Amino acid sequence: MKLILVKLHQLNSRKNKLKFSVTVTLKKDVLDPQGKVVQQTLQNMGMKTLKGLRQGKYFEIDIEEKEEITAKKKIEEMCKKLLINLIIEDYKINKI
Amino acid sequence: MNSSVIVFPGSNCDRDIANALERFQFKNKMVWHKETTLPKSDIIVIPGGFSYGDYLRSGAIAAKSNILNEVIKAANSGCLVLGICNGFQILIETGLLKGTLLRNKKLKFLSKDTHVKIINNNNKFCKNYQTNSVIKLNIAHNEGNYFTSASHLEELKSKDLIAFKYCDDKGNLNDESNPNGSIDNIAGILNEKKNILGMMPHPERMVDKLISSDDGANLFLSILN
């Protein structure tokens with residue numbers, strides 16, 4: 001009985017766990033010197049069809065929430081309060 | 001005058017600034033970032049360095065530390081706050097100063113002496129300098145490329161909130177005299193109330209003629225007056 005309860009608990013907590021990704025990109029008008037260097041290097045390596053490259057950041061976030069909407073709201077808050085510099089960066093949240 | 005220097009894991013200019021402050025007879029206290037109260041201070045200095053190893057963005061983690069809540073409260077009630085280098089980055093991340101500091105335009109860590117022009121001296125940090133005078137200060141940073149919106153730049157100009165600009169030895173402001181690509185050669189800015197100064201160059205490294213120069217001394221003397 002105890003074992004079943006433990007299993008049930010594990011199952012429930014797994015159910016409540018949601019995973020999201022946050023992709024951070026520099027805004028269009030912001031200069032990206034790192035991306036530029038990477039692009040130039042690839043072009044020098046012979047990738048002639050390469051016409052543009054921008055470097056960004058990627059976060060994977062586990063969150064214990066039942067509702068996807070609430071979880072997304074929380075992630076949004078994390079982005080605005082710490083993860084993103086809203087002056088120069090854009091971000092996209094995706095459920096994974 | 002009482003001063004407080006905030007210390008984070010990774011700060012490396014904290015002893016330099018403490019030494020400079022004590023040289024000018026400030027009664028200085030070092031404050032660890034985990035503290036939740038500030039000692040009585042007339043000026044709070046956030047020193048240079050690499051707080052939290054520059055993780056996420058330079059200054060981003062330090063800006064959320066315990067003591068910064070107190071610094072923000074003190075700043076909003078008019079206490080003088082000086083952020084140098086990483087300190088400037090931290091002030092930007094707290095929102096006390098507007099704009100942002102990007103990676104240096106040429107992607108190199110810069111560690112050298114550079115000339116700086118005093119653009120406005122009608123504030124508590126610069127009044128001992130003459131407007132348009134040129135001084136030599138040291139810079140040492142990777143993210144010092146100041147950037148802000150066109151409307152905020154206009155505000156900085158019209159309200160005399162630009163304290164310093166990068167220039168050459170003759171005071172010329174152009175691309176060649178701009179080491180990191182900062183918009184309009186900006187090296188240091190004030191908030192609207194002019195009680196907060198953020199600057200990339202290090203005045204604390206230029207307070208002793210014997211080992212460098214004393215071009216930074218007037219900043220401390222201005223605060224004392």
# chains A, B, ... in the order shown; residues from 1 in each chain; ligands from 1

$ closest_atom_pairs --of "chain B" --to "chain A" --cutoff "12 Å" --atoms "only C-alpha atoms" --output "JSON lines"
{"residue": "B:Tyr55", "atom": "CA", "partner": "A:Leu83", "partner_atom": "CA", "distance": 10.9}
{"residue": "B:Leu56", "atom": "CA", "partner": "A:Leu83", "partner_atom": "CA", "distance": 7.4}
{"residue": "B:Arg57", "atom": "CA", "partner": "A:Asn85", "partner_atom": "CA", "distance": 8.6}
{"residue": "B:Ser58", "atom": "CA", "partner": "A:Asn85", "partner_atom": "CA", "distance": 11.1}
{"residue": "B:Gly59", "atom": "CA", "partner": "A:Leu82", "partner_atom": "CA", "distance": 10.9}
{"residue": "B:Ala60", "atom": "CA", "partner": "A:Leu82", "partner_atom": "CA", "distance": 7.1}
{"residue": "B:Ile61", "atom": "CA", "partner": "A:Leu82", "partner_atom": "CA", "distance": 8.0}
{"residue": "B:Ala62", "atom": "CA", "partner": "A:Leu82", "partner_atom": "CA", "distance": 10.9}
{"residue": "B:Ala63", "atom": "CA", "partner": "A:Leu82", "partner_atom": "CA", "distance": 9.3}
{"residue": "B:Lys64", "atom": "CA", "partner": "A:Leu82", "partner_atom": "CA", "distance": 8.4}
{"residue": "B:Ser65", "atom": "CA", "partner": "A:Leu82", "partner_atom": "CA", "distance": 11.9}
{"residue": "B:Ile92", "atom": "CA", "partner": "A:Asn85", "partner_atom": "CA", "distance": 10.3}
{"residue": "B:Glu93", "atom": "CA", "partner": "A:Asn85", "partner_atom": "CA", "distance": 8.3}
{"residue": "B:Thr94", "atom": "CA", "partner": "A:Leu82", "partner_atom": "CA", "distance": 10.0}
{"residue": "B:Gly95", "atom": "CA", "partner": "A:Asn85", "partner_atom": "CA", "distance": 10.8}
{"residue": "B:Lys98", "atom": "CA", "partner": "A:Ile87", "partner_atom": "CA", "distance": 9.6}
{"residue": "B:Gly99", "atom": "CA", "partner": "A:Ile87", "partner_atom": "CA", "distance": 7.4}
{"residue": "B:Thr100", "atom": "CA", "partner": "A:Ile87", "partner_atom": "CA", "distance": 7.2}
{"residue": "B:Leu101", "atom": "CA", "partner": "A:Ile88", "partner_atom": "CA", "distance": 9.9}
{"residue": "B:Leu102", "atom": "CA", "partner": "A:Ile88", "partner_atom": "CA", "distance": 9.0}
{"residue": "B:Arg103", "atom": "CA", "partner": "A:Pro33", "partner_atom": "CA", "distance": 8.0}
{"residue": "B:Asn104", "atom": "CA", "partner": "A:Pro33", "partner_atom": "CA", "distance": 8.6}
{"residue": "B:Lys105", "atom": "CA", "partner": "A:Pro33", "partner_atom": "CA", "distance": 6.7}
{"residue": "B:Lys106", "atom": "CA", "partner": "A:Pro33", "partner_atom": "CA", "distance": 7.4}
{"residue": "B:Leu107", "atom": "CA", "partner": "A:Pro33", "partner_atom": "CA", "distance": 6.9}
{"residue": "B:Lys108", "atom": "CA", "partner": "A:Pro33", "partner_atom": "CA", "distance": 10.7}
{"residue": "B:Asn145", "atom": "CA", "partner": "A:Leu31", "partner_atom": "CA", "distance": 10.8}
{"residue": "B:Tyr146", "atom": "CA", "partner": "A:Ile88", "partner_atom": "CA", "distance": 11.7}
{"residue": "B:Phe147", "atom": "CA", "partner": "A:Ile88", "partner_atom": "CA", "distance": 9.2}
{"residue": "B:Thr148", "atom": "CA", "partner": "A:Ile87", "partner_atom": "CA", "distance": 8.0}
{"residue": "B:Ser149", "atom": "CA", "partner": "A:Ile87", "partner_atom": "CA", "distance": 8.5}
{"residue": "B:His152", "atom": "CA", "partner": "A:Ile87", "partner_atom": "CA", "distance": 11.9}
{"residue": "B:Asn180", "atom": "CA", "partner": "A:Pro33", "partner_atom": "CA", "distance": 11.9}
{"residue": "B:Gly181", "atom": "CA", "partner": "A:Leu31", "partner_atom": "CA", "distance": 10.6}
{"residue": "B:Ser182", "atom": "CA", "partner": "A:Leu31", "partner_atom": "CA", "distance": 11.8}
{"residue": "B:Ile183", "atom": "CA", "partner": "A:Leu31", "partner_atom": "CA", "distance": 11.9}

$ select_by_dssp --residues "region 17-218 of chain B" --states "strand (DSSP E or B)" --output "PyMOL selection string"
chain B and resi 27-32+43-46+49+80-84+100-102+110-118+134-141+145-147+162-167+186-190+196-199+202

$ select_by_dssp --residues "region 125-220 of chain B" --states "alpha helix (DSSP H)" --output "VMD selection string"
chain B and resid 150 to 158 217 to 220

$ write_last_selection --atoms "N, CA and C atoms" --output "short mmCIF file (atom, residue, chain, number, x, y, z; two decimals), in the first residue's frame"
data_model
loop_
_atom_site.label_atom_id
_atom_site.label_comp_id
_atom_site.auth_asym_id
_atom_site.auth_seq_id
_atom_site.Cartn_x
_atom_site.Cartn_y
_atom_site.Cartn_z
N ALA B 150 17.24 56.81 -28.80
CA ALA B 150 17.46 58.18 -29.29
C ALA B 150 16.80 59.18 -28.35
N SER B 151 15.61 58.83 -27.83
CA SER B 151 14.89 59.78 -26.98
C SER B 151 15.62 59.96 -25.64
N HIS B 152 16.18 58.86 -25.11
CA HIS B 152 16.92 58.98 -23.85
C HIS B 152 18.22 59.75 -24.04
N LEU B 153 18.85 59.55 -25.20
CA LEU B 153 20.09 60.28 -25.50
C LEU B 153 19.82 61.78 -25.52
N GLU B 154 18.68 62.15 -26.12
CA GLU B 154 18.29 63.57 -26.16
C GLU B 154 18.11 64.11 -24.75
N GLU B 155 17.46 63.27 -23.91
CA GLU B 155 17.21 63.65 -22.52
C GLU B 155 18.53 63.86 -21.78
N LEU B 156 19.48 62.94 -22.01
CA LEU B 156 20.80 63.04 -21.36
C LEU B 156 21.45 64.37 -21.72
N LYS B 157 21.32 64.73 -23.00
CA LYS B 157 21.97 65.97 -23.47
C LYS B 157 21.25 67.20 -22.91
N SER B 158 19.92 67.21 -23.04
CA SER B 158 19.20 68.43 -22.69
C SER B 158 19.20 68.67 -21.18
N ALA B 217 41.55 62.60 -8.68
CA ALA B 217 41.41 63.14 -7.32
C ALA B 217 40.25 64.12 -7.19
N ASN B 218 40.06 64.95 -8.23
CA ASN B 218 39.01 65.98 -8.14
C ASN B 218 37.62 65.40 -8.00
N LEU B 219 37.43 64.17 -8.45
CA LEU B 219 36.12 63.54 -8.29
C LEU B 219 35.83 63.36 -6.79
N PHE B 220 36.84 62.89 -6.06
CA PHE B 220 36.65 62.66 -4.62
C PHE B 220 36.57 63.99 -3.88
#

$ closest_residue --among "A:Met45, A:Val24, A:Ile93, A:Val38" --to "Ile61 (chain A)" --atoms "only C-alpha atoms"
A:Ile93

$ residues_around --residues "Phe125 (chain B)" --least-positions-apart "3" --cutoff "10 Å" --atoms "only C-alpha atoms" --output "list in words"
Leu80, Val81, Leu82, Asn120, Asn121, Asn122, Asn128, Tyr129, Ala163, Leu190, Lys194, Asn195, Ile196, Leu197, Asn218, Leu219, Phe220, Leu221, Ser222, Ile223, Leu224 and Asn225 of chain B

$ write_last_selection --atoms "N, CA and C atoms" --output "PDB file, in the first residue's frame"
ATOM      1  N   LEU B  80      24.145  59.790  -2.315  1.00  0.00           N
ATOM      2  CA  LEU B  80      25.018  59.729  -3.482  1.00  0.00           C
ATOM      3  C   LEU B  80      25.421  58.278  -3.754  1.00  0.00           C
ATOM      4  N   VAL B  81      25.366  57.888  -5.017  1.00  0.00           N
ATOM      5  CA  VAL B  81      25.784  56.534  -5.405  1.00  0.00           C
ATOM      6  C   VAL B  81      26.737  56.650  -6.596  1.00  0.00           C
ATOM      7  N   LEU B  82      27.892  56.006  -6.465  1.00  0.00           N
ATOM      8  CA  LEU B  82      28.869  56.012  -7.551  1.00  0.00           C
ATOM      9  C   LEU B  82      29.132  54.574  -7.977  1.00  0.00           C
ATOM     10  N   ASN B 120      29.880  67.901 -18.193  1.00  0.00           N
ATOM     11  CA  ASN B 120      29.076  68.732 -17.287  1.00  0.00           C
ATOM     12  C   ASN B 120      29.678  68.691 -15.890  1.00  0.00           C
ATOM     13  N   ASN B 121      29.894  69.853 -15.311  1.00  0.00           N
ATOM     14  CA  ASN B 121      30.440  69.855 -13.952  1.00  0.00           C
ATOM     15  C   ASN B 121      29.425  70.358 -12.924  1.00  0.00           C
ATOM     16  N   ASN B 122      28.179  70.567 -13.378  1.00  0.00           N
ATOM     17  CA  ASN B 122      27.166  71.053 -12.434  1.00  0.00           C
ATOM     18  C   ASN B 122      26.484  69.898 -11.713  1.00  0.00           C
ATOM     19  N   ASN B 128      34.536  70.053  -9.020  1.00  0.00           N
ATOM     20  CA  ASN B 128      35.919  70.536  -8.918  1.00  0.00           C
ATOM     21  C   ASN B 128      36.671  70.492 -10.248  1.00  0.00           C
ATOM     22  N   TYR B 129      36.064  69.872 -11.243  1.00  0.00           N
ATOM     23  CA  TYR B 129      36.658  69.878 -12.590  1.00  0.00           C
ATOM     24  C   TYR B 129      36.098  71.068 -13.361  1.00  0.00           C
ATOM     25  N   ALA B 163      28.239  63.068 -17.882  1.00  0.00           N
ATOM     26  CA  ALA B 163      29.340  63.582 -17.073  1.00  0.00           C
ATOM     27  C   ALA B 163      30.652  63.545 -17.855  1.00  0.00           C
ATOM     28  N   LEU B 190      24.708  60.448 -15.471  1.00  0.00           N
ATOM     29  CA  LEU B 190      24.021  60.667 -14.188  1.00  0.00           C
ATOM     30  C   LEU B 190      22.546  60.349 -14.341  1.00  0.00           C
ATOM     31  N   LYS B 194      20.656  63.600 -10.436  1.00  0.00           N
ATOM     32  CA  LYS B 194      22.106  63.835 -10.383  1.00  0.00           C
ATOM     33  C   LYS B 194      22.751  63.370  -9.071  1.00  0.00           C
ATOM     34  N   ASN B 195      22.144  62.401  -8.404  1.00  0.00           N
ATOM     35  CA  ASN B 195      22.790  61.844  -7.200  1.00  0.00           C
ATOM     36  C   ASN B 195      23.412  60.477  -7.481  1.00  0.00           C
ATOM     37  N   ILE B 196      23.240  59.980  -8.715  1.00  0.00           N
ATOM     38  CA  ILE B 196      23.840  58.691  -9.078  1.00  0.00           C
ATOM     39  C   ILE B 196      24.722  58.888 -10.309  1.00  0.00           C
ATOM     40  N   LEU B 197      25.982  58.470 -10.190  1.00  0.00           N
ATOM     41  CA  LEU B 197      26.896  58.543 -11.335  1.00  0.00           C
ATOM     42  C   LEU B 197      27.394  57.142 -11.671  1.00  0.00           C
ATOM     43  N   ASN B 218      40.057  64.955  -8.229  1.00  0.00           N
ATOM     44  CA  ASN B 218      39.010  65.979  -8.144  1.00  0.00           C
ATOM     45  C   ASN B 218      37.616  65.396  -7.996  1.00  0.00           C
ATOM     46  N   LEU B 219      37.434  64.169  -8.446  1.00  0.00           N
ATOM     47  CA  LEU B 219      36.123  63.544  -8.285  1.00  0.00           C
ATOM     48  C   LEU B 219      35.827  63.358  -6.794  1.00  0.00           C
ATOM     49  N   PHE B 220      36.838  62.887  -6.059  1.00  0.00           N
ATOM     50  CA  PHE B 220      36.650  62.662  -4.618  1.00  0.00           C
ATOM     51  C   PHE B 220      36.566  63.987  -3.876  1.00  0.00           C
ATOM     52  N   LEU B 221      37.368  64.958  -4.319  1.00  0.00           N
ATOM     53  CA  LEU B 221      37.337  66.284  -3.682  1.00  0.00           C
ATOM     54  C   LEU B 221      35.993  66.969  -3.936  1.00  0.00           C
ATOM     55  N   SER B 222      35.423  66.754  -5.123  1.00  0.00           N
ATOM     56  CA  SER B 222      34.107  67.326  -5.430  1.00  0.00           C
ATOM     57  C   SER B 222      33.062  66.785  -4.460  1.00  0.00           C
ATOM     58  N   ILE B 223      33.111  65.476  -4.234  1.00  0.00           N
ATOM     59  CA  ILE B 223      32.118  64.842  -3.351  1.00  0.00           C
ATOM     60  C   ILE B 223      32.261  65.402  -1.928  1.00  0.00           C
ATOM     61  N   LEU B 224      33.507  65.633  -1.520  1.00  0.00           N
ATOM     62  CA  LEU B 224      33.764  66.135  -0.167  1.00  0.00           C
ATOM     63  C   LEU B 224      33.214  67.539   0.048  1.00  0.00           C
ATOM     64  N   ASN B 225      33.222  68.343  -1.000  1.00  0.00           N
ATOM     65  CA  ASN B 225      32.800  69.751  -0.851  1.00  0.00           C
ATOM     66  C   ASN B 225      31.329  69.894  -0.548  1.00  0.00           C
TER      67      ASN B 225
END

$ residues_around --residues "Leu53 (chain A)" --least-positions-apart "5" --cutoff "9 Å" --atoms "only C-alpha atoms" --output "number ranges by chain"
A: 35-36, 38-39

$ write_last_selection --atoms "N, CA and C atoms" --output "JSON list (two decimals), in the first residue's frame"
[["chain", "number", "residue", "atom", "x", "y", "z"],
["A", 35, "GLY", "N", 28.24, 37.65, -33.45],
["A", 35, "GLY", "CA", 27.58, 36.97, -34.57],
["A", 35, "GLY", "C", 28.29, 37.28, -35.87],
["A", 36, "LYS", "N", 28.70, 38.54, -36.02],
["A", 36, "LYS", "CA", 29.37, 38.98, -37.24],
["A", 36, "LYS", "C", 30.69, 38.21, -37.46],
["A", 38, "VAL", "N", 31.49, 35.29, -36.20],
["A", 38, "VAL", "CA", 31.18, 33.89, -36.50],
["A", 38, "VAL", "C", 30.78, 33.77, -37.97],
["A", 39, "GLN", "N", 29.93, 34.70, -38.42],
["A", 39, "GLN", "CA", 29.49, 34.69, -39.82],
["A", 39, "GLN", "C", 30.68, 34.81, -40.78]]

$ decode --residues "region 8-48 of chain A" --atoms "N, CA and C atoms" --output "PDB file, in the first residue's frame"
ATOM      1  N   LEU A   8       2.276   6.701  -6.655  1.00  0.00           N
ATOM      2  CA  LEU A   8       1.246   7.666  -7.045  1.00  0.00           C
ATOM      3  C   LEU A   8       1.764   9.099  -6.907  1.00  0.00           C
ATOM      4  N   HIS A   9       2.465   9.314  -5.784  1.00  0.00           N
ATOM      5  CA  HIS A   9       3.006  10.635  -5.510  1.00  0.00           C
ATOM      6  C   HIS A   9       4.026  11.038  -6.592  1.00  0.00           C
ATOM      7  N   GLN A  10       4.888  10.054  -6.919  1.00  0.00           N
ATOM      8  CA  GLN A  10       5.895  10.312  -7.955  1.00  0.00           C
ATOM      9  C   GLN A  10       5.232  10.644  -9.285  1.00  0.00           C
ATOM     10  N   LEU A  11       4.179   9.871  -9.580  1.00  0.00           N
ATOM     11  CA  LEU A  11       3.459  10.065 -10.837  1.00  0.00           C
ATOM     12  C   LEU A  11       2.841  11.466 -10.902  1.00  0.00           C
ATOM     13  N   ASN A  12       2.240  11.843  -9.748  1.00  0.00           N
ATOM     14  CA  ASN A  12       1.599  13.158  -9.673  1.00  0.00           C
ATOM     15  C   ASN A  12       2.598  14.289  -9.855  1.00  0.00           C
ATOM     16  N   SER A  13       3.734  14.134  -9.133  1.00  0.00           N
ATOM     17  CA  SER A  13       4.696  15.237  -9.199  1.00  0.00           C
ATOM     18  C   SER A  13       5.298  15.324 -10.608  1.00  0.00           C
ATOM     19  N   ARG A  14       5.382  14.169 -11.274  1.00  0.00           N
ATOM     20  CA  ARG A  14       5.885  14.197 -12.644  1.00  0.00           C
ATOM     21  C   ARG A  14       4.862  14.897 -13.538  1.00  0.00           C
ATOM     22  N   LYS A  15       3.589  14.617 -13.248  1.00  0.00           N
ATOM     23  CA  LYS A  15       2.512  15.229 -14.020  1.00  0.00           C
ATOM     24  C   LYS A  15       2.568  16.754 -13.925  1.00  0.00           C
ATOM     25  N   ASN A  16       2.914  17.234 -12.701  1.00  0.00           N
ATOM     26  CA  ASN A  16       2.908  18.676 -12.473  1.00  0.00           C
ATOM     27  C   ASN A  16       4.143  19.382 -13.019  1.00  0.00           C
ATOM     28  N   LYS A  17       5.075  18.587 -13.494  1.00  0.00           N
ATOM     29  CA  LYS A  17       6.307  19.206 -13.978  1.00  0.00           C
ATOM     30  C   LYS A  17       6.175  19.575 -15.445  1.00  0.00           C
ATOM     31  N   LEU A  18       6.405  20.824 -15.741  1.00  0.00           N
ATOM     32  CA  LEU A  18       6.351  21.260 -17.130  1.00  0.00           C
ATOM     33  C   LEU A  18       7.728  21.778 -17.540  1.00  0.00           C
ATOM     34  N   LYS A  19       8.020  21.629 -18.804  1.00  0.00           N
ATOM     35  CA  LYS A  19       9.331  22.056 -19.301  1.00  0.00           C
ATOM     36  C   LYS A  19       9.151  23.092 -20.402  1.00  0.00           C
ATOM     37  N   PHE A  20       9.922  24.147 -20.287  1.00  0.00           N
ATOM     38  CA  PHE A  20       9.834  25.210 -21.301  1.00  0.00           C
ATOM     39  C   PHE A  20      11.225  25.578 -21.804  1.00  0.00           C
ATOM     40  N   SER A  21      11.248  26.130 -22.985  1.00  0.00           N
ATOM     41  CA  SER A  21      12.505  26.687 -23.476  1.00  0.00           C
ATOM     42  C   SER A  21      12.320  28.181 -23.698  1.00  0.00           C
ATOM     43  N   VAL A  22      13.377  28.927 -23.441  1.00  0.00           N
ATOM     44  CA  VAL A  22      13.356  30.363 -23.738  1.00  0.00           C
ATOM     45  C   VAL A  22      14.515  30.653 -24.691  1.00  0.00           C
ATOM     46  N   THR A  23      14.168  31.174 -25.847  1.00  0.00           N
ATOM     47  CA  THR A  23      15.199  31.533 -26.823  1.00  0.00           C
ATOM     48  C   THR A  23      15.351  33.046 -26.830  1.00  0.00           C
ATOM     49  N   VAL A  24      16.585  33.492 -26.636  1.00  0.00           N
ATOM     50  CA  VAL A  24      16.842  34.935 -26.551  1.00  0.00           C
ATOM     51  C   VAL A  24      17.619  35.370 -27.786  1.00  0.00           C
ATOM     52  N   THR A  25      17.106  36.384 -28.440  1.00  0.00           N
ATOM     53  CA  THR A  25      17.812  36.916 -29.613  1.00  0.00           C
ATOM     54  C   THR A  25      18.015  38.413 -29.446  1.00  0.00           C
ATOM     55  N   LEU A  26      19.043  38.929 -30.079  1.00  0.00           N
ATOM     56  CA  LEU A  26      19.269  40.379 -30.046  1.00  0.00           C
ATOM     57  C   LEU A  26      18.233  41.044 -30.947  1.00  0.00           C
ATOM     58  N   LYS A  27      17.739  42.207 -30.552  1.00  0.00           N
ATOM     59  CA  LYS A  27      16.791  42.938 -31.397  1.00  0.00           C
ATOM     60  C   LYS A  27      17.440  43.279 -32.731  1.00  0.00           C
ATOM     61  N   LYS A  28      16.585  43.461 -33.716  1.00  0.00           N
ATOM     62  CA  LYS A  28      17.054  43.649 -35.094  1.00  0.00           C
ATOM     63  C   LYS A  28      18.103  44.751 -35.239  1.00  0.00           C
ATOM     64  N   ASP A  29      17.878  45.862 -34.572  1.00  0.00           N
ATOM     65  CA  ASP A  29      18.749  47.026 -34.797  1.00  0.00           C
ATOM     66  C   ASP A  29      20.015  47.022 -33.938  1.00  0.00           C
ATOM     67  N   VAL A  30      20.126  46.047 -33.054  1.00  0.00           N
ATOM     68  CA  VAL A  30      21.297  46.045 -32.167  1.00  0.00           C
ATOM     69  C   VAL A  30      22.464  45.322 -32.840  1.00  0.00           C
ATOM     70  N   LEU A  31      23.601  45.973 -32.805  1.00  0.00           N
ATOM     71  CA  LEU A  31      24.807  45.415 -33.414  1.00  0.00           C
ATOM     72  C   LEU A  31      25.211  44.119 -32.693  1.00  0.00           C
ATOM     73  N   ASP A  32      25.552  43.093 -33.458  1.00  0.00           N
ATOM     74  CA  ASP A  32      25.956  41.810 -32.863  1.00  0.00           C
ATOM     75  C   ASP A  32      27.365  41.458 -33.332  1.00  0.00           C
ATOM     76  N   PRO A  33      28.393  42.047 -32.724  1.00  0.00           N
ATOM     77  CA  PRO A  33      29.753  41.827 -33.202  1.00  0.00           C
ATOM     78  C   PRO A  33      30.195  40.361 -33.130  1.00  0.00           C
ATOM     79  N   GLN A  34      29.719  39.642 -32.112  1.00  0.00           N
ATOM     80  CA  GLN A  34      30.086  38.215 -32.012  1.00  0.00           C
ATOM     81  C   GLN A  34      29.525  37.423 -33.178  1.00  0.00           C
ATOM     82  N   GLY A  35      28.242  37.654 -33.454  1.00  0.00           N
ATOM     83  CA  GLY A  35      27.582  36.973 -34.566  1.00  0.00           C
ATOM     84  C   GLY A  35      28.288  37.276 -35.875  1.00  0.00           C
ATOM     85  N   LYS A  36      28.703  38.539 -36.019  1.00  0.00           N
ATOM     86  CA  LYS A  36      29.369  38.977 -37.244  1.00  0.00           C
ATOM     87  C   LYS A  36      30.686  38.215 -37.457  1.00  0.00           C
ATOM     88  N   VAL A  37      31.454  38.073 -36.366  1.00  0.00           N
ATOM     89  CA  VAL A  37      32.735  37.362 -36.469  1.00  0.00           C
ATOM     90  C   VAL A  37      32.510  35.902 -36.837  1.00  0.00           C
ATOM     91  N   VAL A  38      31.492  35.293 -36.200  1.00  0.00           N
ATOM     92  CA  VAL A  38      31.178  33.891 -36.504  1.00  0.00           C
ATOM     93  C   VAL A  38      30.778  33.770 -37.975  1.00  0.00           C
ATOM     94  N   GLN A  39      29.933  34.704 -38.423  1.00  0.00           N
ATOM     95  CA  GLN A  39      29.490  34.689 -39.822  1.00  0.00           C
ATOM     96  C   GLN A  39      30.682  34.806 -40.779  1.00  0.00           C
ATOM     97  N   GLN A  40      31.570  35.766 -40.489  1.00  0.00           N
ATOM     98  CA  GLN A  40      32.728  35.966 -41.364  1.00  0.00           C
ATOM     99  C   GLN A  40      33.618  34.724 -41.406  1.00  0.00           C
ATOM    100  N   THR A  41      33.782  34.100 -40.228  1.00  0.00           N
ATOM    101  CA  THR A  41      34.621  32.894 -40.179  1.00  0.00           C
ATOM    102  C   THR A  41      34.018  31.796 -41.050  1.00  0.00           C
ATOM    103  N   LEU A  42      32.697  31.585 -40.907  1.00  0.00           N
ATOM    104  CA  LEU A  42      32.035  30.550 -41.710  1.00  0.00           C
ATOM    105  C   LEU A  42      32.162  30.866 -43.196  1.00  0.00           C
ATOM    106  N   GLN A  43      32.019  32.151 -43.533  1.00  0.00           N
ATOM    107  CA  GLN A  43      32.146  32.536 -44.946  1.00  0.00           C
ATOM    108  C   GLN A  43      33.563  32.277 -45.445  1.00  0.00           C
ATOM    109  N   ASN A  44      34.553  32.573 -44.579  1.00  0.00           N
ATOM    110  CA  ASN A  44      35.943  32.308 -44.948  1.00  0.00           C
ATOM    111  C   ASN A  44      36.207  30.817 -45.110  1.00  0.00           C
ATOM    112  N   MET A  45      35.389  29.998 -44.388  1.00  0.00           N
ATOM    113  CA  MET A  45      35.557  28.545 -44.481  1.00  0.00           C
ATOM    114  C   MET A  45      34.916  27.987 -45.751  1.00  0.00           C
ATOM    115  N   GLY A  46      34.276  28.860 -46.493  1.00  0.00           N
ATOM    116  CA  GLY A  46      33.719  28.423 -47.767  1.00  0.00           C
ATOM    117  C   GLY A  46      32.204  28.364 -47.829  1.00  0.00           C
ATOM    118  N   MET A  47      31.535  28.756 -46.748  1.00  0.00           N
ATOM    119  CA  MET A  47      30.059  28.726 -46.752  1.00  0.00           C
ATOM    120  C   MET A  47      29.554  29.966 -47.485  1.00  0.00           C
ATOM    121  N   LYS A  48      29.615  29.922 -48.804  1.00  0.00           N
ATOM    122  CA  LYS A  48      29.358  31.121 -49.609  1.00  0.00           C
ATOM    123  C   LYS A  48      27.898  31.554 -49.588  1.00  0.00           C
TER     124      LYS A  48
END
